[in-house]
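This is data.cif (mmCIF, C-alpha atoms and all ligand atoms).
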```cif
data_my_file
#
loop_
_atom_site.group_PDB
_atom_site.id
_atom_site.type_symbol
_atom_site.label_atom_id
_atom_site.label_comp_id
_atom_site.auth_asym_id
_atom_site.auth_seq_id
_atom_site.Cartn_x
_atom_site.Cartn_y
_atom_site.Cartn_z
ATOM 1 C CA MET A 1 21.796 -21.799 -24.353
ATOM 2 C CA PRO A 2 21.795 -22.530 -20.641
ATOM 3 C CA LEU A 3 20.593 -19.039 -19.808
ATOM 4 C CA HIS A 4 17.144 -18.690 -21.308
ATOM 5 C CA ARG A 5 15.313 -15.668 -19.945
ATOM 6 C CA LEU A 6 15.052 -12.744 -17.633
ATOM 7 C CA THR A 7 12.859 -13.891 -14.777
ATOM 8 C CA ALA A 8 12.107 -10.825 -12.644
ATOM 9 C CA ILE A 9 13.629 -7.585 -11.506
ATOM 10 C CA THR A 10 13.293 -5.552 -8.347
ATOM 11 C CA ILE A 11 13.705 -1.812 -8.434
ATOM 12 C CA GLY A 12 14.117 0.527 -5.474
ATOM 13 C CA VAL A 13 12.367 3.912 -5.414
ATOM 14 C CA PRO A 14 11.670 6.539 -2.741
ATOM 15 C CA ASP A 15 7.887 6.614 -3.307
ATOM 16 C CA VAL A 16 6.690 3.051 -3.693
ATOM 17 C CA GLU A 17 2.977 3.850 -3.890
ATOM 18 C CA ALA A 18 3.243 6.442 -6.653
ATOM 19 C CA THR A 19 5.552 4.202 -8.669
ATOM 20 C CA ALA A 20 3.290 1.194 -8.181
ATOM 21 C CA ALA A 21 0.322 3.220 -9.436
ATOM 22 C CA TYR A 22 2.329 4.218 -12.524
ATOM 23 C CA TYR A 23 3.226 0.634 -13.476
ATOM 24 C CA THR A 24 -0.366 -0.463 -12.904
ATOM 25 C CA GLU A 25 -1.426 2.203 -15.374
ATOM 26 C CA PHE A 26 1.427 1.115 -17.679
ATOM 27 C CA GLY A 27 -0.326 -2.233 -17.945
ATOM 28 C CA LEU A 28 1.417 -4.549 -15.512
ATOM 29 C CA THR A 29 -0.890 -6.622 -13.322
ATOM 30 C CA PRO A 30 -0.589 -5.938 -9.576
ATOM 31 C CA LEU A 31 -0.220 -9.104 -7.508
ATOM 32 C CA GLY A 32 -0.177 -7.390 -4.117
ATOM 33 C CA GLY A 33 2.865 -6.494 -2.073
ATOM 34 C CA HIS A 34 4.115 -4.244 -4.887
ATOM 35 C CA ALA A 35 4.789 -7.218 -7.140
ATOM 36 C CA PHE A 36 3.564 -7.215 -10.729
ATOM 37 C CA ALA A 37 2.992 -9.736 -13.480
ATOM 38 C CA THR A 38 3.094 -9.662 -17.253
ATOM 39 C CA SER A 39 0.676 -11.754 -19.280
ATOM 40 C CA ASP A 40 3.301 -14.271 -20.488
ATOM 41 C CA GLY A 41 6.136 -13.905 -17.969
ATOM 42 C CA GLY A 42 4.263 -14.241 -14.675
ATOM 43 C CA GLU A 43 5.677 -12.273 -11.746
ATOM 44 C CA GLN A 44 8.401 -10.140 -13.297
ATOM 45 C CA PHE A 45 8.537 -6.865 -11.421
ATOM 46 C CA ARG A 46 8.810 -5.819 -7.788
ATOM 47 C CA ILE A 47 9.089 -2.380 -6.262
ATOM 48 C CA THR A 48 10.797 -1.808 -2.944
ATOM 49 C CA ARG A 49 11.696 1.321 -1.011
ATOM 50 C CA SER A 50 15.106 2.893 -1.293
ATOM 51 C CA THR A 51 16.388 6.418 -0.778
ATOM 52 C CA GLN A 52 17.338 6.674 -4.463
ATOM 53 C CA ARG A 53 15.971 5.011 -7.559
ATOM 54 C CA LYS A 54 18.034 1.997 -8.555
ATOM 55 C CA LEU A 55 18.100 -1.585 -9.730
ATOM 56 C CA VAL A 56 18.050 -3.832 -6.661
ATOM 57 C CA GLU A 57 17.870 -7.303 -8.168
ATOM 58 C CA ILE A 58 17.854 -8.936 -11.589
ATOM 59 C CA GLY A 59 16.829 -12.542 -12.147
ATOM 60 C CA ILE A 60 18.063 -14.831 -14.895
ATOM 61 C CA GLY A 61 16.517 -18.225 -15.620
ATOM 62 C CA VAL A 62 18.536 -21.364 -16.402
ATOM 63 C CA ASP A 63 17.534 -24.944 -17.159
ATOM 64 C CA ASP A 64 19.232 -27.177 -14.610
ATOM 65 C CA PRO A 65 21.775 -27.544 -11.767
ATOM 66 C CA ASP A 66 24.631 -27.995 -14.272
ATOM 67 C CA ASP A 67 23.942 -24.462 -15.469
ATOM 68 C CA LEU A 68 24.126 -23.183 -11.901
ATOM 69 C CA ASP A 69 27.430 -25.038 -11.441
ATOM 70 C CA ARG A 70 28.811 -23.307 -14.508
ATOM 71 C CA VAL A 71 27.742 -19.838 -13.378
ATOM 72 C CA GLU A 72 29.124 -20.566 -9.910
ATOM 73 C CA ARG A 73 32.536 -21.377 -11.425
ATOM 74 C CA GLN A 74 32.432 -18.326 -13.676
ATOM 75 C CA VAL A 75 31.693 -15.844 -10.881
ATOM 76 C CA ALA A 76 34.312 -17.557 -8.694
ATOM 77 C CA ALA A 77 36.837 -16.942 -11.483
ATOM 78 C CA LEU A 78 35.968 -13.240 -11.158
ATOM 79 C CA GLU A 79 36.690 -13.630 -7.424
ATOM 80 C CA LEU A 80 33.108 -12.841 -6.487
ATOM 81 C CA PRO A 81 31.454 -14.647 -3.588
ATOM 82 C CA SER A 82 28.121 -16.280 -4.359
ATOM 83 C CA GLU A 83 25.409 -17.963 -2.363
ATOM 84 C CA ARG A 84 24.018 -21.248 -3.616
ATOM 85 C CA THR A 85 20.757 -22.937 -2.722
ATOM 86 C CA GLY A 86 19.238 -25.969 -4.413
ATOM 87 C CA ASP A 87 17.765 -24.115 -7.317
ATOM 88 C CA SER A 88 19.415 -20.710 -7.351
ATOM 89 C CA LEU A 89 22.631 -18.804 -7.064
ATOM 90 C CA SER A 90 22.906 -15.206 -5.814
ATOM 91 C CA VAL A 91 25.835 -12.936 -6.465
ATOM 92 C CA VAL A 92 26.252 -9.242 -5.799
ATOM 93 C CA GLU A 93 27.587 -7.222 -8.703
ATOM 94 C CA PRO A 94 30.604 -5.360 -7.279
ATOM 95 C CA ILE A 95 30.232 -1.940 -8.935
ATOM 96 C CA ALA A 96 26.533 -1.080 -9.050
ATOM 97 C CA GLY A 97 25.661 -3.268 -6.081
ATOM 98 C CA PHE A 98 22.576 -5.057 -7.388
ATOM 99 C CA THR A 99 22.051 -8.748 -6.782
ATOM 100 C CA ALA A 100 21.879 -11.159 -9.703
ATOM 101 C CA VAL A 101 19.789 -14.201 -8.908
ATOM 102 C CA VAL A 102 20.304 -17.063 -11.325
ATOM 103 C CA SER A 103 17.611 -19.671 -10.818
ATOM 104 C CA ILE A 104 16.286 -22.828 -12.389
ATOM 105 C CA ALA A 105 13.094 -21.641 -14.038
ATOM 106 C CA PRO A 106 10.696 -22.869 -16.710
ATOM 107 C CA ARG A 107 11.292 -21.380 -20.121
ATOM 108 C CA ILE A 108 8.866 -18.689 -21.130
ATOM 109 C CA THR A 109 6.300 -19.859 -23.660
ATOM 110 C CA GLN A 110 4.268 -17.391 -25.654
ATOM 111 C CA ASP A 111 1.152 -18.081 -27.664
ATOM 112 C CA ARG A 112 1.521 -16.991 -31.249
ATOM 113 C CA VAL A 113 -0.075 -13.596 -31.874
ATOM 114 C CA GLU A 114 -0.942 -13.276 -35.541
ATOM 115 C CA PRO A 115 0.215 -10.019 -37.125
ATOM 116 C CA PRO A 116 -2.570 -7.636 -38.128
ATOM 117 C CA LEU A 117 -3.425 -7.382 -41.793
ATOM 118 C CA TYR A 118 -1.825 -4.428 -43.573
ATOM 119 C CA ASN A 119 -2.660 -3.091 -46.998
ATOM 120 C CA GLY A 120 0.219 -2.084 -49.247
ATOM 121 C CA PRO A 121 1.088 -1.376 -52.854
ATOM 122 C CA GLY A 122 -0.521 -4.101 -54.953
ATOM 123 C CA ARG A 123 -1.618 -5.800 -51.781
ATOM 124 C CA VAL A 124 -5.097 -5.341 -50.402
ATOM 125 C CA ASP A 125 -4.953 -7.838 -47.570
ATOM 126 C CA ARG A 126 -7.714 -6.107 -45.645
ATOM 127 C CA PRO A 127 -10.449 -5.404 -48.156
ATOM 128 C CA ASN A 128 -13.439 -3.363 -47.042
ATOM 129 C CA GLY A 129 -12.262 -3.135 -43.464
ATOM 130 C CA ARG A 130 -10.644 -0.684 -41.081
ATOM 131 C CA ALA A 131 -7.228 -1.371 -39.567
ATOM 132 C CA PRO A 132 -7.480 -3.556 -36.457
ATOM 133 C CA GLY A 133 -5.113 -1.166 -34.675
ATOM 134 C CA ILE A 134 -7.680 1.645 -34.671
ATOM 135 C CA GLU A 135 -10.525 -0.551 -33.504
ATOM 136 C CA ARG A 136 -8.832 -1.875 -30.380
ATOM 137 C CA GLU A 137 -10.310 -0.608 -27.164
ATOM 138 C CA GLY A 138 -8.877 -2.812 -24.453
ATOM 139 C CA SER A 139 -6.009 -1.848 -22.201
ATOM 140 C CA VAL A 140 -2.413 -2.383 -23.296
ATOM 141 C CA ASN A 141 -0.786 -5.095 -21.189
ATOM 142 C CA PRO A 142 2.866 -6.051 -21.777
ATOM 143 C CA HIS A 143 3.543 -9.703 -22.575
ATOM 144 C CA LYS A 144 6.914 -9.853 -20.868
ATOM 145 C CA LEU A 145 9.905 -7.978 -19.525
ATOM 146 C CA GLY A 146 12.292 -7.511 -22.440
ATOM 147 C CA HIS A 147 15.397 -5.750 -21.230
ATOM 148 C CA VAL A 148 17.019 -3.630 -18.575
ATOM 149 C CA VAL A 149 19.519 -0.815 -19.107
ATOM 150 C CA ILE A 150 21.638 0.469 -16.255
ATOM 151 C CA GLY A 151 24.366 3.033 -15.768
ATOM 152 C CA SER A 152 27.553 1.968 -14.054
ATOM 153 C CA THR A 153 30.557 3.951 -12.881
ATOM 154 C CA ASP A 154 32.697 1.161 -14.335
ATOM 155 C CA GLN A 155 30.956 0.093 -17.522
ATOM 156 C CA ALA A 156 33.589 -2.459 -18.512
ATOM 157 C CA ALA A 157 33.535 -4.193 -15.140
ATOM 158 C CA THR A 158 29.743 -4.379 -14.932
ATOM 159 C CA GLN A 159 29.506 -5.613 -18.507
ATOM 160 C CA ARG A 160 32.142 -8.257 -17.752
ATOM 161 C CA PHE A 161 30.048 -9.345 -14.771
ATOM 162 C CA PHE A 162 27.224 -10.175 -17.173
ATOM 163 C CA THR A 163 29.336 -11.749 -19.928
ATOM 164 C CA ASP A 164 32.167 -13.556 -18.144
ATOM 165 C CA GLY A 165 30.343 -13.995 -14.839
ATOM 166 C CA ILE A 166 26.757 -14.881 -15.671
ATOM 167 C CA GLY A 167 27.285 -15.968 -19.284
ATOM 168 C CA PHE A 168 25.425 -13.391 -21.396
ATOM 169 C CA LYS A 169 26.256 -13.315 -25.106
ATOM 170 C CA ILE A 170 27.021 -10.198 -27.109
ATOM 171 C CA SER A 171 24.669 -9.415 -29.998
ATOM 172 C CA ASP A 172 25.986 -6.049 -31.219
ATOM 173 C CA THR A 173 28.451 -3.452 -30.017
ATOM 174 C CA VAL A 174 28.706 0.333 -29.987
ATOM 175 C CA PRO A 175 32.351 0.869 -28.992
ATOM 176 C CA SER A 176 31.738 4.295 -27.480
ATOM 177 C CA LEU A 177 28.714 3.077 -25.530
ATOM 178 C CA ALA A 178 28.330 -0.580 -24.701
ATOM 179 C CA ALA A 179 27.575 -4.071 -25.866
ATOM 180 C CA PHE A 180 24.016 -5.298 -26.280
ATOM 181 C CA MET A 181 23.863 -8.537 -24.289
ATOM 182 C CA ARG A 182 21.374 -11.378 -24.311
ATOM 183 C CA CYS A 183 20.466 -14.242 -21.983
ATOM 184 C CA SER A 184 17.695 -15.485 -24.285
ATOM 185 C CA THR A 185 16.802 -15.462 -27.961
ATOM 186 C CA ASP A 186 15.924 -11.769 -27.678
ATOM 187 C CA HIS A 187 18.514 -9.495 -29.282
ATOM 188 C CA HIS A 188 19.226 -7.860 -25.929
ATOM 189 C CA ASN A 189 18.219 -8.314 -22.338
ATOM 190 C CA VAL A 190 20.798 -6.119 -20.608
ATOM 191 C CA LEU A 191 22.901 -3.126 -21.572
ATOM 192 C CA VAL A 192 25.308 -1.305 -19.288
ATOM 193 C CA GLN A 193 26.310 2.271 -20.079
ATOM 194 C CA GLN A 194 29.077 4.351 -18.530
ATOM 195 C CA ALA A 195 27.634 6.881 -16.058
ATOM 196 C CA PRO A 196 28.805 9.207 -13.302
ATOM 197 C CA LEU A 197 26.860 7.077 -10.841
ATOM 198 C CA ASN A 198 25.135 3.725 -10.734
ATOM 199 C CA PHE A 199 21.477 3.992 -11.646
ATOM 200 C CA LEU A 200 18.618 2.328 -13.500
ATOM 201 C CA HIS A 201 18.159 3.848 -16.959
ATOM 202 C CA HIS A 202 15.148 1.909 -18.199
ATOM 203 C CA THR A 203 13.141 -1.255 -18.264
ATOM 204 C CA SER A 204 11.481 -2.405 -21.478
ATOM 205 C CA TRP A 205 8.254 -4.310 -21.951
ATOM 206 C CA GLN A 206 7.018 -6.254 -24.962
ATOM 207 C CA VAL A 207 3.664 -5.458 -26.553
ATOM 208 C CA ASP A 208 1.996 -6.908 -29.655
ATOM 209 C CA ASP A 209 2.925 -4.400 -32.318
ATOM 210 C CA VAL A 210 3.543 -0.770 -33.110
ATOM 211 C CA ASP A 211 -0.133 0.106 -32.660
ATOM 212 C CA GLU A 212 0.005 -1.167 -29.090
ATOM 213 C CA ILE A 213 3.065 0.989 -28.449
ATOM 214 C CA GLY A 214 1.182 3.998 -29.763
ATOM 215 C CA ARG A 215 -2.008 3.201 -27.888
ATOM 216 C CA GLY A 216 -0.192 2.481 -24.646
ATOM 217 C CA ALA A 217 1.966 5.596 -24.731
ATOM 218 C CA THR A 218 -0.916 7.842 -25.817
ATOM 219 C CA LYS A 219 -2.971 6.690 -22.864
ATOM 220 C CA MET A 220 -0.082 7.164 -20.424
ATOM 221 C CA LEU A 221 0.397 10.725 -21.690
ATOM 222 C CA GLU A 222 -3.258 11.747 -21.382
ATOM 223 C CA GLY A 223 -3.210 14.297 -18.589
ATOM 224 C CA ASN A 224 0.473 13.510 -17.910
ATOM 225 C CA PRO A 225 2.475 14.931 -20.821
ATOM 226 C CA GLU A 226 5.553 15.215 -18.571
ATOM 227 C CA ARG A 227 5.865 11.434 -18.740
ATOM 228 C CA HIS A 228 7.017 11.602 -22.345
ATOM 229 C CA VAL A 229 10.714 10.874 -22.885
ATOM 230 C CA TRP A 230 11.349 9.677 -26.449
ATOM 231 C CA GLY A 231 9.285 8.126 -29.192
ATOM 232 C CA LEU A 232 7.801 6.947 -31.385
ATOM 233 C CA GLY A 233 10.805 5.574 -33.241
ATOM 234 C CA ARG A 234 12.615 2.482 -34.372
ATOM 235 C CA HIS A 235 15.975 1.429 -33.019
ATOM 236 C CA HIS A 236 18.625 0.397 -35.484
ATOM 237 C CA ILE A 237 20.306 -2.044 -33.114
ATOM 238 C CA GLY A 238 17.734 -4.663 -32.222
ATOM 239 C CA SER A 239 15.266 -3.154 -34.749
ATOM 240 C CA ASN A 240 12.553 -2.623 -32.171
ATOM 241 C CA PHE A 241 9.903 0.063 -32.345
ATOM 242 C CA PHE A 242 10.046 2.066 -29.116
ATOM 243 C CA TRP A 243 8.422 4.718 -26.991
ATOM 244 C CA TYR A 244 9.996 5.696 -23.677
ATOM 245 C CA LEU A 245 8.054 7.151 -20.759
ATOM 246 C CA LYS A 246 9.143 8.216 -17.289
ATOM 247 C CA ASP A 247 7.900 6.868 -13.964
ATOM 248 C CA PRO A 248 7.450 9.114 -10.885
ATOM 249 C CA ALA A 249 10.881 8.116 -9.544
ATOM 250 C CA GLY A 250 12.623 9.102 -12.791
ATOM 251 C CA ASN A 251 13.165 5.624 -14.270
ATOM 252 C CA PHE A 252 12.270 5.260 -17.922
ATOM 253 C CA SER A 253 9.908 2.504 -19.041
ATOM 254 C CA GLU A 254 9.720 1.464 -22.679
ATOM 255 C CA TYR A 255 6.998 -0.184 -24.703
ATOM 256 C CA TYR A 256 8.615 -2.167 -27.514
ATOM 257 C CA SER A 257 7.665 -4.492 -30.338
ATOM 258 C CA ASP A 258 9.352 -6.313 -33.211
ATOM 259 C CA LEU A 259 12.735 -6.870 -31.565
ATOM 260 C CA ASP A 260 15.252 -8.998 -33.496
ATOM 261 C CA CYS A 261 15.453 -12.578 -32.235
ATOM 262 C CA ILE A 262 18.584 -14.711 -32.423
ATOM 263 C CA VAL A 263 17.521 -18.330 -32.495
ATOM 264 C CA ASP A 264 20.720 -19.683 -34.076
ATOM 265 C CA ASP A 265 23.935 -18.067 -32.872
ATOM 266 C CA ALA A 266 25.792 -19.283 -35.973
ATOM 267 C CA LEU A 267 23.461 -17.327 -38.245
ATOM 268 C CA TRP A 268 23.693 -14.001 -36.446
ATOM 269 C CA LYS A 269 26.522 -11.677 -37.360
ATOM 270 C CA PRO A 270 27.291 -9.290 -34.487
ATOM 271 C CA GLY A 271 27.791 -5.762 -35.777
ATOM 272 C CA VAL A 272 29.683 -2.699 -34.644
ATOM 273 C CA TRP A 273 27.856 0.607 -34.856
ATOM 274 C CA GLU A 274 28.679 4.235 -34.228
ATOM 275 C CA GLY A 275 26.923 7.584 -34.508
ATOM 276 C CA ALA A 276 23.173 8.052 -34.602
ATOM 277 C CA LYS A 277 22.538 4.470 -35.674
ATOM 278 C CA GLY A 278 23.894 3.389 -32.328
ATOM 279 C CA LEU A 279 20.756 4.977 -30.953
ATOM 280 C CA TYR A 280 18.025 4.823 -33.551
ATOM 281 C CA ASN A 281 17.139 4.332 -37.190
ATOM 282 C CA TRP A 282 14.222 6.747 -37.431
ATOM 283 C CA GLY A 283 12.070 8.896 -35.198
ATOM 284 C CA PRO A 284 12.569 12.175 -33.415
ATOM 285 C CA PRO A 285 16.137 12.712 -32.233
ATOM 286 C CA PRO A 286 16.708 11.551 -28.665
ATOM 287 C CA PRO A 287 16.342 14.384 -26.165
ATOM 288 C CA PRO A 288 19.473 15.143 -24.112
ATOM 289 C CA SER A 289 17.603 13.890 -21.042
ATOM 290 C CA PHE A 290 17.441 10.407 -22.558
ATOM 291 C CA LEU A 291 21.217 10.169 -22.619
ATOM 292 C CA LYS A 292 21.699 12.047 -19.382
ATOM 293 C CA PRO A 293 18.556 11.907 -17.238
ATOM 294 C CA ASP A 294 17.572 15.210 -15.620
ATOM 295 C CA ASP A 295 17.932 13.899 -12.079
ATOM 296 C CA LEU A 296 21.512 12.601 -12.367
ATOM 297 C CA ALA A 297 23.052 15.607 -10.599
ATOM 298 C CA ALA A 298 20.536 15.326 -7.759
ATOM 299 C CA LEU A 299 21.111 11.578 -7.541
ATOM 300 C CA MET A 300 24.849 12.141 -7.291
ATOM 301 C CA THR A 301 24.384 14.674 -4.496
ATOM 302 C CA GLY A 302 22.065 12.260 -2.721
ATOM 303 C CA ALA A 303 24.446 9.366 -3.209
ATOM 304 C CA HIS A 304 27.233 11.327 -1.587
ATOM 305 C CA SER A 305 25.133 12.608 1.300
ATOM 306 C CA SER A 306 23.860 9.114 2.138
ATOM 307 C CA GLU A 307 27.334 7.605 2.198
HETATM 308 FE FE FE B 401 15.361 -0.099 -24.619
#
```

Conversion result in structure tokens:
Amino acid sequence: MPLHRLTAITIGVPDVEATAAYYTEFGLTPLGGHAFATSDGGEQFRITRSTQRKLVEIGIGVDDPDDLDRVERQVAALELPSERTGDSLSVVEPIAGFTAVVSIAPRITQDRVEPPLYNGPGRVDRPNGRAPGIEREGSVNPHKLGHVVIGSTDQAATQRFFTDGIGFKISDTVPSLAAFMRCSTDHHNVLVQQAPLNFLHHTSWQVDDVDEIGRGATKMLEGNPERHVWGLGRHHIGSNFFWYLKDPAGNFSEYYSDLDCIVDDALWKPGVWEGAKGLYNWGPPPPPSFLKPDDLAALMTGAHSSE
């Protein structure tokens, strides 16, 4: 696959300092200048000022100049202008207005993290010991950026930008919602949902396992219960455990673990899902504000007044 990873994203928010403090607490490593790193992905997150919260830029890594040539031809076929340098190609998505930067980048390599030992019926794999998950004391630090979900006023067009333009593949589809798209072996890296305005729904960050999701979210909620959005649960599509929290600008940030990985396209059978399973397999039901964030009306008013 010529596309192999998400590199980095830039989000725009009104209050950069408060949002930067939130993502520091979330476990990203500040690099200065409102840029942040994950432990395995390097610099993957930047915060810039904008009047309304939004996705400003999304980066996709490819292997070589041939890959850039291909993407250049694909976006040209969509009649979109692009800017090419030696090792990258920039193109503005025409509906939501973010910039996609496709660049030649090293593939992400992750050290193997052994799964913790679990006891089960007829299986005492952890004799005479407590579960590792309850003995952890260190901070929770995401390994990498997993995926980005945005709302677009023209879902089909923005999705086509990613598939036909950049070259994302479709892993699974919910006809009434969207396709789950990947630019790596992760089940999904981008999803675009129909919305009354263009906005950033959430970013998602990989942690070791479900205990790290629980530990991370519990710590974020201490003294800040209003940050809770939805969790703990397990998605049906993509299989990942999840817990969604809310940053000061209103963007959701997700801790996830155990996402499906598609390492051989021929062996993965894309599915079509509807109803609750389009959203989750188990967990509390999603609050209405997950599907329709509380600030959408205010964002729409702001979007009109700043035009
Ligand atoms: Fe997600």

**Prompt:** Near His235 of chain A, within 9 Å and counting only C-alpha atoms, which residues show up once chain neighbours fewer than 5 positions away are dropped, as a PyMOL selection string?
**Reply:** chain A and resi 240-242+277-283

**Message:** Evaluate the PyMOL selection byres (((chain A and resi 31) around 12) and not hetatm) against this structure - the residues, as JSON, numbers by chain, please.
**Reply:** {"A": [20, 23, 24, 28, 29, 30, 32, 33, 34, 35, 36, 37, 38, 42, 43, 44, 45, 46, 47]}

**Request:** Kindly indicate which residue among A:Glu137, A:Glu114, A:Glu254, A:Asp64 lies nearest to ligand FE 401 (chain B), using all atoms listed in the file for the distances.
**Result:** A:Glu254

**Message:** Starting from the PyMOL selection byres (((not hetatm)) within 8 of (chain B and resi 401)), expand the selection into actual residues of this file and give them as a PyMOL selection string.
**Reply:** chain A and resi 147-149+202-204+242+244+254+256

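Proximity ranking of A:Gly214, A:Pro65, A:Gly250, A:Gly129 relative to Arg227 of chain A places A:Gly250 first, based on all atoms listed in the file.
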
**Request:** Find the residues with any atom within 12 Å of (36.1, 3.4, -29.9); use all atoms listed in the file and the coordinates as given in the file, and write the answer as a ChimeraX atom specification.
**Result:** /A:173-178,272-275

Please save C-alpha atoms of the selected residues as a compact mmCIF listing (two decimals), keeping the file's coordinate frame.
```txt
# COMPACT_ATOMS: atom_id res chain seq x y z
CA THR A 173 28.45 -3.45 -30.02
CA VAL A 174 28.71 0.33 -29.99
CA PRO A 175 32.35 0.87 -28.99
CA SER A 176 31.74 4.30 -27.48
CA LEU A 177 28.71 3.08 -25.53
CA ALA A 178 28.33 -0.58 -24.70
CA VAL A 272 29.68 -2.70 -34.64
CA TRP A 273 27.86 0.61 -34.86
CA GLU A 274 28.68 4.24 -34.23
CA GLY A 275 26.92 7.58 -34.51
```

**atom CA of Ile11 of chain A to atom CA of Arg160 of chain A, straight-line distance in Å** = 21.6 Å

**Request:** Can you turn the PyMOL selection byres (((chain A and resi 131) around 9) and not hetatm) into a concrete residue list for this file, as a PyMOL selection string?
**Result:** chain A and resi 116-119+126+129-130+132-135

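Once Thr153 of chain A and its same-chain neighbours fewer than 2 positions away are set aside, Pro94, Ile95, Ala96, Gly97, Ile150, Gly151, Gln155, Ala156, Ala157, Thr158, Gln159, Val192, Gln193, Gln194, Ala195, Pro196, Leu197, Asn198, Phe199 and Met300 of chain A remain within 12 Å of it when counting all atoms listed in the file.
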
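Closest approach to Tyr22 of chain A from the set A:Thr301, A:Ser289, A:Ser253, A:Ser50 is made by A:Ser253, with distances taken over only C-alpha atoms.
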
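One distance worth recording is that between atom CA of Pro248 of chain A and atom CA of Val13 of chain A, which is 9.0 Å.
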